[in-house]
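**Q** What follows is a single structure, and I will ask about it in a moment.
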Amino acid sequence: MGIDAIINTLQESGCSPFFFTSAIQSAVFGDKARNQQSEIVNSNLEFREHLQELRNEYARERLDAQLLFRRESYELGRQYLIQQTIEMNKSRQQQADFKDFLTRYWPLEQSVYSVLMEREKFLSQKSIVPLTVLVAKTELTSSIRNTSLYEQFCEELISYMQPFGVNVEKCPWKNSCQSRLGEAMNINFIMGGIPTLLVFPYQQDDIIGIETASWSFAHGLQSMNHSKAVQIKCSDNDLIPQITMSAVKAIIGMTRDAYMLAEYHAPVLFGQNVESEILAIPEIQELMSSHYQDMRKLFESSEFRQLCTKEELSLIDNSLSFKLLKA
């Protein structure tokens with residue numbers, strides 16, 4: 001077996017070749033020394049011993065350094081493999097959790113992926129991004145015995161709000177709403193950053209209530225505004241469908257105007273064109289009056305006005321000048 005082959009074998013076995021070559025060099029020098037004259041050997045013995053000590057020390061240092069480097073490299077590689085396994089398991093767990101979320105907690109009929117694809121088109125447009133409205137399937141918008149009522153309810157809203165540029169979706173809920181706040185949080189988890197209004201009509205004894213959750217372009221639960229928008233007392237069961245529809249229309253219309261004013265400095269539309277039967281409900285009339293007064297205050301603030309052109313200010317001012325406002 002040649003020297004190179006021996007060195008390769010030692011390297012594969014984990015032994016440093018520096019130690020081996022040092023031993024060979026020592027043997028060669030020793031053999032030459034024995035063939036020289038005794039006086040030369042004696043005269044150079046101290047020097048050769050010192051030289052050999054330096055060589056041996058150098059070999060030990062190189063051996064220690066290489067062993068240290070090899071062990072550190074091995075340890076780093078092992079840590080990387082462990083971390084890689086942890087991250088892979090995290091990814092698998094996240095996928096499993098997300099799949100479980102879609103199966104158990106996603107309340108909408110439309111799949112998450114199609115929702116995101118559709119909303120991506122909105123966000124890529126340079127024009128105005130419309131406010132998306134999702135009305136929940138509750139006891140006031142549907143009936144267990146007549147599931148078509150929910151569809152009819154949404155279709156009427158779609159027809160009514162279309163001229164205002166509001167995107168009301170048809171029958172968005174898969175099943176009846178079980179938790180207003182919980183389902184709002186789940187929808188926000190996916191649709192955060194997409195301007196959205198969730199409307200939850202509900203009935204509690206003789207009270208018709210509208211609960212809402214809304215957000216604009218900001219992300220996260222902190223950007224979601226959740227509130228009980230209005231409560232209307234009604235003891236006549238025959239009037240409940242009409243009052244519910246009027247209340248939902250009013251909430252959507254007011255939210256649309258606030259969204260367009262705040263995000264696009266656009267004039268209000270709903271307040272100028274609200275139906276008389278909606279204003280005939282005292283609680284709604286009072287709510288709308290307060291709402292548009294607040295919008296007037298926003299319009300008159302210096303922070304808002306400095307972001308608007310003169311033409312925009314004029315249009316907004318005119319749109320807010322209607323009789324609904326109270327002094």
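Numbering starts fresh at 1 for the residues of each chain in the structure tokens, the chains themselves are lettered A, B, ... in the order given, and ligands are numbered from 1 as they appear.
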Can you list every residue in segment 115-327 of chain A that DSSP puts in strand (DSSP E or B), as a ChimeraX atom specification?
**A** /A:132-135,167-168,173,196-204,207-215,225-233
**Q** What is the atom CA of Thr196 of chain A to atom CA of Lys310 of chain A distance in Å?
**A**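 Atom CA of Thr196 of chain A sits 29.3 Å away from atom CA of Lys310 of chain A.
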**Q** From the options A:Asn89, A:Gln110, A:Ser127, A:Gln204, which residue's atoms come nearest to Leu140 of chain A, counting only C-alpha atoms?
**A**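 Among the listed residues, A:Gln204 lies closest to Leu140 of chain A.
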**Q** Can you pull out every residue within 10 Å of Asp205 of chain A, counting only C-alpha atoms, but drop anything in the same chain fewer than 6 positions away, and send it as number ranges by chain?
**A** A: 233-235
**Q** Using only C-alpha atoms, find each residue in segment 260-321 of chain A having at least one atom no more than 10 Å away from segment 154-164 of chain A; report its shortest atom-to-atom pair and that distance in Å (one decimal), rows by chain then rising number, as JSON lines.
**A**
{"residue": "A:Val268", "atom": "CA", "partner": "A:Phe164", "partner_atom": "CA", "distance": 9.5}
{"residue": "A:Leu269", "atom": "CA", "partner": "A:Phe164", "partner_atom": "CA", "distance": 6.8}
{"residue": "A:Phe270", "atom": "CA", "partner": "A:Phe164", "partner_atom": "CA", "distance": 7.2}
{"residue": "A:Asn273", "atom": "CA", "partner": "A:Phe164", "partner_atom": "CA", "distance": 9.8}
**Q** Generate the output file for the selected residues, all heavy atoms, as a CSV table (one decimal), in the first residue's frame.
**A**
chain,number,residue,atom,x,y,z
A,268,VAL,N,-71.1,61.8,0.3
A,268,VAL,CA,-72.0,60.8,0.8
A,268,VAL,C,-73.2,60.7,-0.2
A,268,VAL,O,-73.5,61.6,-0.9
A,268,VAL,CB,-72.5,61.1,2.2
A,268,VAL,CG1,-71.3,61.3,3.1
A,268,VAL,CG2,-73.4,62.3,2.2
A,269,LEU,N,-73.7,59.5,-0.3
A,269,LEU,CA,-74.9,59.2,-1.2
A,269,LEU,C,-76.1,58.7,-0.5
A,269,LEU,O,-77.2,59.2,-0.7
A,269,LEU,CB,-74.5,58.2,-2.3
A,269,LEU,CG,-73.4,58.6,-3.3
A,269,LEU,CD1,-73.1,57.4,-4.2
A,269,LEU,CD2,-73.8,59.8,-4.0
A,270,PHE,N,-75.9,57.8,0.5
A,270,PHE,CA,-77.0,57.2,1.1
A,270,PHE,C,-77.9,58.2,1.9
A,270,PHE,O,-79.1,58.2,1.9
A,270,PHE,CB,-76.6,56.0,2.0
A,270,PHE,CG,-77.7,55.3,2.7
A,270,PHE,CD1,-78.5,54.4,2.0
A,270,PHE,CD2,-78.0,55.6,4.0
A,270,PHE,CE1,-79.6,53.8,2.6
A,270,PHE,CE2,-79.0,54.9,4.7
A,270,PHE,CZ,-79.8,54.0,4.0
A,273,ASN,N,-80.4,60.0,-0.1
A,273,ASN,CA,-81.3,59.2,-0.9
A,273,ASN,C,-82.1,58.2,0.0
A,273,ASN,O,-82.7,57.2,-0.5
A,273,ASN,CB,-80.7,58.5,-2.0
A,273,ASN,CG,-80.0,59.5,-3.0
A,273,ASN,OD1,-80.7,60.0,-3.9
A,273,ASN,ND2,-78.7,59.6,-2.9
**Q** Work out how far apart atom CA of Val230 of chain A and atom CA of Asp257 of chain A are and give it in Å to one decimal.
**A**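 Separating atom CA of Val230 of chain A from atom CA of Asp257 of chain A is a distance of 17.3 Å.
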**Q** Considering only C-alpha atoms, give me a table of residues in segment 192-269 of chain A that are at most 12 Å from segment 275-283 of chain A, with the closest atom pair and distance in Å for each, as a tab-separated table.
**A**
residue	atom	partner	partner_atom	distance
A:Ile207	CA	A:Glu283	CA	11.7
A:Ile208	CA	A:Glu283	CA	10.9
A:Gly209	CA	A:Glu283	CA	10.9
A:Ile210	CA	A:Glu283	CA	11.7
A:Ala229	CA	A:Glu283	CA	10.5
A:Val230	CA	A:Glu283	CA	7.3
A:Gln231	CA	A:Glu283	CA	7.4
A:Ile232	CA	A:Glu283	CA	6.2
A:Lys233	CA	A:Glu283	CA	8.8
A:Cys234	CA	A:Ile281	CA	10.5
A:Leu239	CA	A:Ile281	CA	11.2
A:Ile240	CA	A:Ile281	CA	12.0
A:Gln242	CA	A:Ile278	CA	9.3
A:Ile243	CA	A:Ile281	CA	7.8
A:Thr244	CA	A:Ile278	CA	10.2
A:Met245	CA	A:Ile278	CA	9.0
A:Ser246	CA	A:Ile278	CA	5.3
A:Ala247	CA	A:Ile278	CA	7.3
A:Val248	CA	A:Ile278	CA	9.8
A:Lys249	CA	A:Ile278	CA	8.2
A:Ala250	CA	A:Ile278	CA	7.2
A:Ile251	CA	A:Ile278	CA	10.7
A:Gly253	CA	A:Glu275	CA	11.1
**Q** With only C-alpha atoms as the atoms that count, which of A:Gly193, A:Pro107, A:Gly182, A:Pro201 lies nearest to Pro241 of chain A?
**A**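 The shortest atom-to-atom distance to Pro241 of chain A comes from A:Pro201.
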**Q** For Phe217 of chain A, which residue among A:Tyr113, A:Tyr259, A:Phe101, A:Phe153 is the nearest when counting only C-alpha atoms?
**A**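 The answer is A:Tyr259, which sits nearest to Phe217 of chain A.
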**Q** Got a sec: who's within 9 Å of Phe200 of chain A, counting only C-alpha atoms, leaving out chain neighbours fewer than 6 positions off, as a VMD selection string?
**A** chain A and resid 134 to 138 177 180 209 to 213 248
**Q** Fewer than 5 positions away in the same chain doesn't count, so skip those; otherwise give me all residues within 9 Å of Met191 of chain A, counting only C-alpha atoms, as a ChimeraX atom specification.
**A** /A:112,115-116,119,186,196,219
